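Below you'll find the structure, written out as structure tokens, and then a few comments.
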Amino acid sequence: MKKLENRVAIITGGARGMGATHARLFIEEGAKVVITDILEHEGEKLALELGPGCFFIKHDVTDEVVWQKVVNETENRFGPVNILINNAGISFNKQFEDTTLQEFERVMKINATGTFLGMKAVLPSMRKTKKGSIVNISSIAGMVGFQNTLAYVSSKYAVRGMTKAAALELAAEGIRVNSIHPGLIETPMIMNEEMEAMISTIAEGIPMKRTAKPEEISRLALFLASDDSSYCTGSEFIADGGLIAQ
């Protein structure tokens, strides 16, 4: 039997990068998947590629009203939500003294508030089956600090903290909440000219001497979404090639 047979998953930021890779693997493992993103063209194209078990909804994760629409449409199409992968996020690289309040608040709103809204929105649906798995994608920047990334680090520490608090509140209801903390993953969010110098510097110090493929994080997300991790909640799962173990 496939690991996610008869499960329904919502994956935010699912149009490309890690989110798209998560969606492909979850479909392969038997789940019905709703991918959401602000990237409408890419999202619709991916949903078409993945077949009738996948559906795309255009979605700004900072909009509480649209979150309710996402959950309602998911239930109408596939049934109650069993899995939420809070994957949507943005990176931001700038010295903190030069970061404007508007820039800081934008990063926090997408990365942290979007995660909070997602967890809150799916709860009524997950409670219908008395079972659920919420996986919040944080970062190693939610475990340690990095220069010139104060807004991003703040948002990812927030995701880590809210994961633990939510896990404690929901454990007795059969709903698990865990966070994944990727290191350098080859996705469009970081593989760009703006981030190139910082990535090269960090990559030199990775004990495994390489960056990771998105599929490596997707397999970890699959573990946390499935019953293989049935006794795991409120925990951080780090996938960084040993970078912050040094």
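Chain labels run A, B, ... following the order of the structure tokens; each chain numbers its residues from 1, and ligands are numbered from 1 in the order shown.
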
Near Gln68 of chain A, counting only C-alpha atoms, which residues have an atom at most 7 Å away, once you skip same-chain residues fewer than 4 positions from it, shown as JSON, numbers by chain? {"A": [64, 72, 121]}

For Asn76 of chain A, please output as a ChimeraX atom specification all residues within 12 Å (counting only C-alpha atoms; exclusion window: fewer than 5 positions along the same chain). /A:8,34,55,69-71,81,125

Since we have the selection now, will you write its residues out, keeping N, CA and C atoms, as a PDB file, in the first residue's frame?
ATOM      1  N   VAL A   8      -5.565  13.394   1.954  1.00  0.00           N
ATOM      2  CA  VAL A   8      -5.761  14.640   1.212  1.00  0.00           C
ATOM      3  C   VAL A   8      -4.776  15.668   1.744  1.00  0.00           C
ATOM      4  N   VAL A  34      -3.893  19.288  -3.297  1.00  0.00           N
ATOM      5  CA  VAL A  34      -4.223  20.644  -3.748  1.00  0.00           C
ATOM      6  C   VAL A  34      -2.960  21.486  -3.589  1.00  0.00           C
ATOM      7  N   PHE A  55      -5.110  19.405  -7.916  1.00  0.00           N
ATOM      8  CA  PHE A  55      -5.881  20.594  -8.271  1.00  0.00           C
ATOM      9  C   PHE A  55      -5.118  21.823  -7.809  1.00  0.00           C
ATOM     10  N   LYS A  69     -11.242  29.649   1.669  1.00  0.00           N
ATOM     11  CA  LYS A  69     -11.651  29.184   0.347  1.00  0.00           C
ATOM     12  C   LYS A  69     -10.858  27.950  -0.058  1.00  0.00           C
ATOM     13  N   VAL A  70      -9.564  27.943   0.214  1.00  0.00           N
ATOM     14  CA  VAL A  70      -8.713  26.802  -0.132  1.00  0.00           C
ATOM     15  C   VAL A  70      -9.192  25.538   0.581  1.00  0.00           C
ATOM     16  N   VAL A  71      -9.453  25.657   1.874  1.00  0.00           N
ATOM     17  CA  VAL A  71      -9.902  24.492   2.638  1.00  0.00           C
ATOM     18  C   VAL A  71     -11.263  24.019   2.138  1.00  0.00           C
ATOM     19  N   VAL A  81      -9.188  17.470   4.977  1.00  0.00           N
ATOM     20  CA  VAL A  81      -7.729  17.601   4.851  1.00  0.00           C
ATOM     21  C   VAL A  81      -7.038  16.757   5.920  1.00  0.00           C
ATOM     22  N   SER A 125     -11.141  21.011   9.498  1.00  0.00           N
ATOM     23  CA  SER A 125     -11.171  19.909   8.537  1.00  0.00           C
ATOM     24  C   SER A 125     -10.450  18.686   9.091  1.00  0.00           C
TER      25      SER A 125
END

Do you know which residues are at most 10 Å from segment 206-212 of chain A counting only C-alpha atoms, after dropping those on the same chain fewer than 6 positions away, and could you put them as an MDAnalysis selection string? chainID A and resid 182:187 199:200 239:246

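Residue nearest Ala171 of chain A, chosen from A:Thr233, A:Gly142, A:Thr36, A:Arg219 and counting only C-alpha atoms: A:Thr233.
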
Can you pull out the residues contacting Pro52 of chain A? Cut-off 10 Å, using only C-alpha atoms, and skip same-chain residues under 4 positions away; I want them as a PyMOL selection string. chain A and resi 32-33+47-48

Mind checking which residues fall within 9 Å of Ser226 of chain A, counting only C-alpha atoms, ignoring those fewer than 6 positions away in the same chain, and posting them as number ranges by chain? A: 3-4, 83, 133

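Restricting the calculation to only C-alpha atoms, the smallest distance between Glu42 of chain A and any of A:Ala9, A:Asn148, A:Glu216, A:Lys58 is found for A:Lys58.
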
Quick check, in Å to one decimal: how far apart do atom CA of Lys109 of chain A and atom CA of Val144 of chain A lie? 20.5 Å

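Compared by their closest atoms to Val153 of chain A, and using only C-alpha atoms, the residues A:Leu123, A:Val135, A:Val177, A:Met108 rank with A:Met108 nearest.
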